[in-house]
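K.L.:
Take this structure first; my questions come after.
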Amino acid sequence: MGRTARRTYELQDVNIVPSRRTRSSKEVSTAWQLDAYRFDTPILSHPTDAIGSPEFAIELGRLGGLGVLNAEGLYSRHRDAEAKLEEVVALAASDITGVTAIRRLQELHAAPLDPELLAAAVGRVRDAGVTVAVRVSPQRALELTPVLVKAGIDLLVIHGTIISAEHVSNEGSALNLKTFIGDLDVPVVAGGVSDHRTALHLMRTGAAGVIVGYGSAEGATTTREVLGIGVPMATAIADAAAARRDYLDETGGRYVHVIADGDIYSAGDVARAIACGADATMLGAPLAIAAEAPGKGWYWPSVAAHPSIPRGAVAPAQLGGLDAGDDAAVGGAPSLATILNGPSTEPNGQLNLVGGLRRSMAKSGYSELKEFQKVGLNVAY
């Protein structure tokens with residue numbers, strides 16, 4: 001009595017309902033465009049060091065997606081970032097509690113940021129000829145963005161566990177997103193959010209895209225356990241898509257992209273996220289099984305290294321129920337190209353993500369991502 005709660009749904013609770021029409025998957029396009037930048041694949045990488053090396057971003061960009069570097073990660077703090085990542089992975093493998101790996105991550109992230117290392121990482125991606133996207137936290141956006149713009153980024157991602165357009169603080173000047181975004185010459189993607197009101201407020205700041213979710217991954221992200229905060233992704237995406245529609249009407253035609261970040265493990269989940277209203281998906285653990293991933297089959301979200309209240313664990317990525325790092329069990333780690341475009345010998349949808357999405361769209365009779373957002377849905381219970 002005195003309190004009400006809303007029934008909400010995970011992506012796995014939702015099923016896509018095919019229409020009366022089907023089409024050949026060869027006639028389906030998975031392309032989308034964010035501001036002036038076009039991508040063949042609606043997949044971004046979550047900004048974590050586990051999949052956040054410049055080389056990984058280059059390969060994802062070459063394959064039609066968008067790799068997102070973390071401006072506050074190890075590649076901006078240590079010249080031997082790969083060696084430091086090997087330390088973290090070795091500690092995680094030797095300690096079942098995961099405490100020593102998190103402690104080491106915190107120590108490594110306590111090192112000062114080096115603007116030269118950050119600019120060099122950006123330059124490597126830029127020189128490869130792919131779109132350059134870099135993540136900053138709201139707390140350090142004012143400090144780091146000038147360095148990033150000078151280095152030649154194409155897209156800025158302002159990303160935190162929970163981000164709002166109205167941050168209240170007595171600890172100095174808070175970031176005014178509307179003013180900040182308005183003064184920039186590069187488009188901004190901001191998030192995460194999980195409700196209609198916050199998504200709408202972020203859209204009103206001038207953001208080109210809004211991230212829904214906080215990179216949740218089973219066994220890795222612990223925001224729900226630590227903070228008690230969480231909105232199931234199917235509901236959160238649908239609410240943000242409704243905010244996008246309201247903002248479109250409010251502005252007379254300005255479209256803001258919705259990017260789903262969390263609880264996406266398979267091609268079917270990618271399809272469900274877009275069917276719920278997302279324009280693209282931001283993946284973490286599903287990409288961590290790639291042979292090119294610097295985490296070598298281990299995954300952790302960017303918030304795992306928080307100095308006082310980490311909200312993530314260093315966990316093995318799974319392929320078909322087996323640890324991706326177990327070469328004998330899975331026949332070697334799959335390439336990023338195989339994860340995205342196949343071919344697949346794995347029956348659970350973890351490989352050939354784009355092919356699975358394309359086939360789902362074809363079976364439902366849709367040829368474009370925007371059209372697929374209109375597909376029928378049902379819930380399992």
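Just so we're on the same page: first chain in the structure tokens is A, next is B, and so on; residues restart at 1 for each chain, and ligands are numbered from 1 in the order they show up.
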Once DSSP has gone over the backbone, tell me which residues of range 90-279 of chain A are in alpha helix (DSSP H), as a ChimeraX atom specification.
P.N.:
/A:90-94,99-109,115-127,141-151,177-182,196-203,223-227,233-251,267-275
K.L.:
Please build the interface table for range 8-67 of chain A against range 344-368 of chain A with a cut-off of 10 Å, listing for each qualifying residue the nearest atom pair and the distance in Å to one decimal; count only C-alpha atoms, order rows by chain and increasing number, and write it as CSV.
P.N.:
```
residue,atom,partner,partner_atom,distance
A:Ile16,CA,A:Ser364,CA,8.2
A:Val17,CA,A:Ser364,CA,7.2
A:Pro18,CA,A:Ser364,CA,4.2
A:Ser19,CA,A:Ser364,CA,5.2
A:Arg20,CA,A:Gly365,CA,7.6
A:Arg21,CA,A:Gly365,CA,4.9
A:Thr22,CA,A:Gly365,CA,4.1
A:Arg23,CA,A:Ala362,CA,5.0
A:Ser24,CA,A:Ala362,CA,5.9
A:Ser25,CA,A:Ala362,CA,5.0
A:Lys26,CA,A:Arg358,CA,8.3
A:Glu27,CA,A:Ser367,CA,6.3
A:Val28,CA,A:Ser367,CA,4.3
A:Ser29,CA,A:Glu368,CA,5.4
A:Thr30,CA,A:Glu368,CA,6.5
A:Ala31,CA,A:Glu368,CA,7.8
A:Trp32,CA,A:Glu368,CA,8.9
A:Asp40,CA,A:Val354,CA,9.7
A:Thr41,CA,A:Val354,CA,7.1
A:Pro42,CA,A:Val354,CA,8.4
A:Ile43,CA,A:Val354,CA,8.8
```
K.L.:
Export, as a compact mmCIF listing (two decimals), in the first residue's frame, the selected residues with N, CA and C atoms.
P.N.:
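Heads up, here's the output in again_14.txt:
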```txt
# COMPACT_ATOMS: atom_id res chain seq x y z
N ILE A 16 9.68 -11.44 -31.54
CA ILE A 16 9.29 -10.74 -32.76
C ILE A 16 8.22 -11.56 -33.47
N VAL A 17 7.20 -10.87 -33.96
CA VAL A 17 6.09 -11.53 -34.66
C VAL A 17 6.24 -11.29 -36.16
N PRO A 18 6.51 -12.32 -36.95
CA PRO A 18 6.65 -12.13 -38.40
C PRO A 18 5.35 -11.63 -39.03
N SER A 19 5.48 -10.91 -40.14
CA SER A 19 4.31 -10.42 -40.86
C SER A 19 3.92 -11.43 -41.93
N ARG A 20 2.93 -11.08 -42.73
CA ARG A 20 2.47 -11.99 -43.79
C ARG A 20 3.47 -12.04 -44.94
N ARG A 21 4.44 -11.13 -44.95
CA ARG A 21 5.38 -11.03 -46.07
C ARG A 21 6.78 -11.43 -45.62
N THR A 22 7.49 -12.17 -46.44
CA THR A 22 8.91 -12.43 -46.21
C THR A 22 9.68 -11.95 -47.43
N ARG A 23 10.99 -11.89 -47.30
CA ARG A 23 11.82 -11.46 -48.43
C ARG A 23 13.18 -12.14 -48.32
N SER A 24 13.95 -12.05 -49.35
CA SER A 24 15.30 -12.60 -49.35
C SER A 24 16.19 -11.76 -48.44
N SER A 25 17.03 -12.42 -47.64
CA SER A 25 17.94 -11.68 -46.77
C SER A 25 18.96 -10.87 -47.57
N LYS A 26 19.15 -11.22 -48.84
CA LYS A 26 20.06 -10.46 -49.68
C LYS A 26 19.50 -9.08 -50.02
N GLU A 27 18.20 -8.88 -49.82
CA GLU A 27 17.56 -7.60 -50.10
C GLU A 27 17.43 -6.72 -48.86
N VAL A 28 18.07 -7.14 -47.76
CA VAL A 28 17.97 -6.43 -46.49
C VAL A 28 19.21 -5.58 -46.26
N SER A 29 19.02 -4.35 -45.80
CA SER A 29 20.13 -3.45 -45.45
C SER A 29 20.17 -3.24 -43.95
N THR A 30 21.34 -3.40 -43.36
CA THR A 30 21.52 -3.13 -41.94
C THR A 30 22.27 -1.81 -41.72
N ALA A 31 22.33 -0.97 -42.74
CA ALA A 31 23.05 0.30 -42.64
C ALA A 31 22.27 1.32 -41.82
N TRP A 32 22.98 2.21 -41.16
CA TRP A 32 22.36 3.32 -40.45
C TRP A 32 23.32 4.49 -40.46
N ASP A 40 27.69 0.41 -41.99
CA ASP A 40 27.03 -0.74 -42.60
C ASP A 40 26.40 -1.66 -41.57
N THR A 41 26.84 -1.53 -40.33
CA THR A 41 26.44 -2.45 -39.27
C THR A 41 26.00 -1.66 -38.04
N PRO A 42 24.84 -1.95 -37.47
CA PRO A 42 24.36 -1.18 -36.31
C PRO A 42 24.97 -1.65 -35.00
N ILE A 43 26.30 -1.70 -34.97
CA ILE A 43 27.01 -2.20 -33.79
C ILE A 43 28.13 -1.25 -33.41
```
K.L.:
Would you kindly return, as a list in words, each protein, DNA or RNA residue with an atom no farther than 7 Å from any atom of range 145-162 of chain A, considering only C-alpha atoms and excluding same-chain residues fewer than 6 positions away?
P.N.:
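The filter keeps Pro115, Ala119, Val122, Gly123, Thr131, Val132, Ala133, Val134, Arg135, Val136, Ser137, Pro138, Val186, Pro187, Val188, Val189, Ala190, Gly191, Gly192, Val193 and Tyr214 of chain A.
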K.L.:
To test your reading of the structure, identify every residue in range 224-286 of chain A that backbone DSSP assigns to strand (DSSP E), and report it as a VMD selection string.
P.N.:
chain A and resid 257 to 262 280 to 283
K.L.:
With only C-alpha atoms counted and 8 Å as the cut-off, give the residues of range 289-365 of chain A in contact with range 60-81 of chain A, each with its shortest interatomic distance in Å and the pair that gives it, as CSV.
P.N.:
```
residue,atom,partner,partner_atom,distance
A:Ser302,CA,A:Gly73,CA,8.0
A:Leu336,CA,A:Leu60,CA,7.4
A:Ala337,CA,A:Leu63,CA,6.9
```
K.L.:
Rank nothing, just name the residue among A:Ala36, A:Gly213, A:Phe180, A:Leu175 nearest to Ile229 in chain A, using only C-alpha atoms.
P.N.:
A:Gly213
K.L.:
Rank nothing, just name the residue among A:Tyr381, A:Met203, A:Thr4, A:Ile339 nearest to Asp246 in chain A, using only C-alpha atoms.
P.N.:
A:Met203
K.L.:
Take CA of His109 in chain A and CA of Ile51 in chain A and report the distance between them in Å, one decimal.
P.N.:
16.2 Å
K.L.:
Which residue gives the smallest distance to Asp114 in chain A among A:Leu144, A:Ala280, A:Leu340, A:Ala208, with only C-alpha atoms counted?
P.N.:
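Closest to Asp114 in chain A, using only C-alpha atoms: A:Leu144.
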K.L.:
Grab the CA of Val256 in chain A to CA of Val210 in chain A distance for me, in Å with one decimal place.
P.N.:
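That distance, rounded to one decimal, is 7.1 Å.
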K.L.:
Taking 3 positions as the minimum chain separation for residues in the same chain, which residues sit within 12 Å of Glu225 in chain A when counting only C-alpha atoms? Answer as a list in words.
P.N.:
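In the requested form, the answer reads Ser216, Glu218, Gly219, Ala220, Thr221, Thr222, Gly228, Ile229, Gly230, Ile309, Pro310, Arg311, Gly312 and Ala313 of chain A.
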K.L.:
Just want the 9 Å neighbourhood of Arg204 in chain A, counted on only C-alpha atoms, with same-chain residues fewer than 2 positions away dropped. Output as a PDB file with C-alpha atoms, in the first residue's frame.
P.N.:
```
ATOM      1  CA  ALA A 165      20.821  16.742 -18.242  1.00  0.00           C
ATOM      2  CA  LYS A 178      23.140  21.866 -23.463  1.00  0.00           C
ATOM      3  CA  ALA A 199      15.973  10.388 -22.529  1.00  0.00           C
ATOM      4  CA  LEU A 200      13.822  13.330 -23.612  1.00  0.00           C
ATOM      5  CA  HIS A 201      15.878  15.765 -21.514  1.00  0.00           C
ATOM      6  CA  LEU A 202      19.107  14.496 -23.072  1.00  0.00           C
ATOM      7  CA  GLY A 206      21.278  18.699 -28.730  1.00  0.00           C
ATOM      8  CA  ALA A 207      22.759  15.203 -28.502  1.00  0.00           C
ATOM      9  CA  TYR A 247      11.060  15.043 -29.485  1.00  0.00           C
TER      10      TYR A 247
END
```
K.L.:
Would you mind telling me which residue in A:Leu248, A:Ala304, A:Ala236, A:Ile264 lies nearest to Ser45 in chain A when using only C-alpha atoms?
P.N.:
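Of A:Leu248, A:Ala304, A:Ala236, A:Ile264, the one nearest Ser45 in chain A is A:Ile264, counting only C-alpha atoms.
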K.L.:
Mind running range 206-310 of chain A against range 194-197 of chain A at 10 Å and telling me each contacting residue's nearest atom pair with the distance in Å (one decimal), counting only C-alpha atoms, chain and number ascending, as JSON lines?
P.N.:
```
{"residue": "A:Ile211", "atom": "CA", "partner": "A:Ser194", "partner_atom": "CA", "distance": 8.8}
{"residue": "A:Val212", "atom": "CA", "partner": "A:Ser194", "partner_atom": "CA", "distance": 5.7}
{"residue": "A:Gly213", "atom": "CA", "partner": "A:Ser194", "partner_atom": "CA", "distance": 5.8}
{"residue": "A:Tyr214", "atom": "CA", "partner": "A:Ser194", "partner_atom": "CA", "distance": 8.6}
{"residue": "A:Ile229", "atom": "CA", "partner": "A:Ser194", "partner_atom": "CA", "distance": 9.7}
{"residue": "A:Gly230", "atom": "CA", "partner": "A:Ser194", "partner_atom": "CA", "distance": 7.8}
{"residue": "A:Val231", "atom": "CA", "partner": "A:Ser194", "partner_atom": "CA", "distance": 6.1}
{"residue": "A:Pro232", "atom": "CA", "partner": "A:Ser194", "partner_atom": "CA", "distance": 8.5}
{"residue": "A:Met233", "atom": "CA", "partner": "A:Ser194", "partner_atom": "CA", "distance": 8.0}
{"residue": "A:Thr235", "atom": "CA", "partner": "A:Ser194", "partner_atom": "CA", "distance": 8.4}
{"residue": "A:Ala236", "atom": "CA", "partner": "A:Ser194", "partner_atom": "CA", "distance": 4.9}
{"residue": "A:Ile237", "atom": "CA", "partner": "A:Ser194", "partner_atom": "CA", "distance": 7.5}
{"residue": "A:Ala238", "atom": "CA", "partner": "A:His196", "partner_atom": "CA", "distance": 8.6}
{"residue": "A:Asp239", "atom": "CA", "partner": "A:His196", "partner_atom": "CA", "distance": 4.9}
{"residue": "A:Ala240", "atom": "CA", "partner": "A:His196", "partner_atom": "CA", "distance": 5.1}
{"residue": "A:Ala241", "atom": "CA", "partner": "A:His196", "partner_atom": "CA", "distance": 8.1}
{"residue": "A:Ala242", "atom": "CA", "partner": "A:His196", "partner_atom": "CA", "distance": 7.0}
{"residue": "A:Ala243", "atom": "CA", "partner": "A:His196", "partner_atom": "CA", "distance": 5.4}
{"residue": "A:Arg244", "atom": "CA", "partner": "A:His196", "partner_atom": "CA", "distance": 8.8}
{"residue": "A:Asp246", "atom": "CA", "partner": "A:His196", "partner_atom": "CA", "distance": 9.7}
{"residue": "A:Ala260", "atom": "CA", "partner": "A:Ser194", "partner_atom": "CA", "distance": 10.0}
```
K.L.:
So that I can see what lies close to range 84-97 of chain A, please list as a list in words the residues with an atom at most 7 Å from it, counting only C-alpha atoms and leaving out residues fewer than 4 positions away in the same chain.
P.N.:
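Neighbouring residues, sequence-local ones excluded: Asp80, Ala101, Arg104, Leu105, Gly295, Trp298 and Val314 of chain A.
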K.L.:
Measuring atom to atom with only C-alpha atoms, identify which of A:Pro307, A:Gly2, A:Pro316, A:Gly376 is nearest to Leu108 in chain A.
P.N.:
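Under the stated criterion, the closest residue is A:Pro307.
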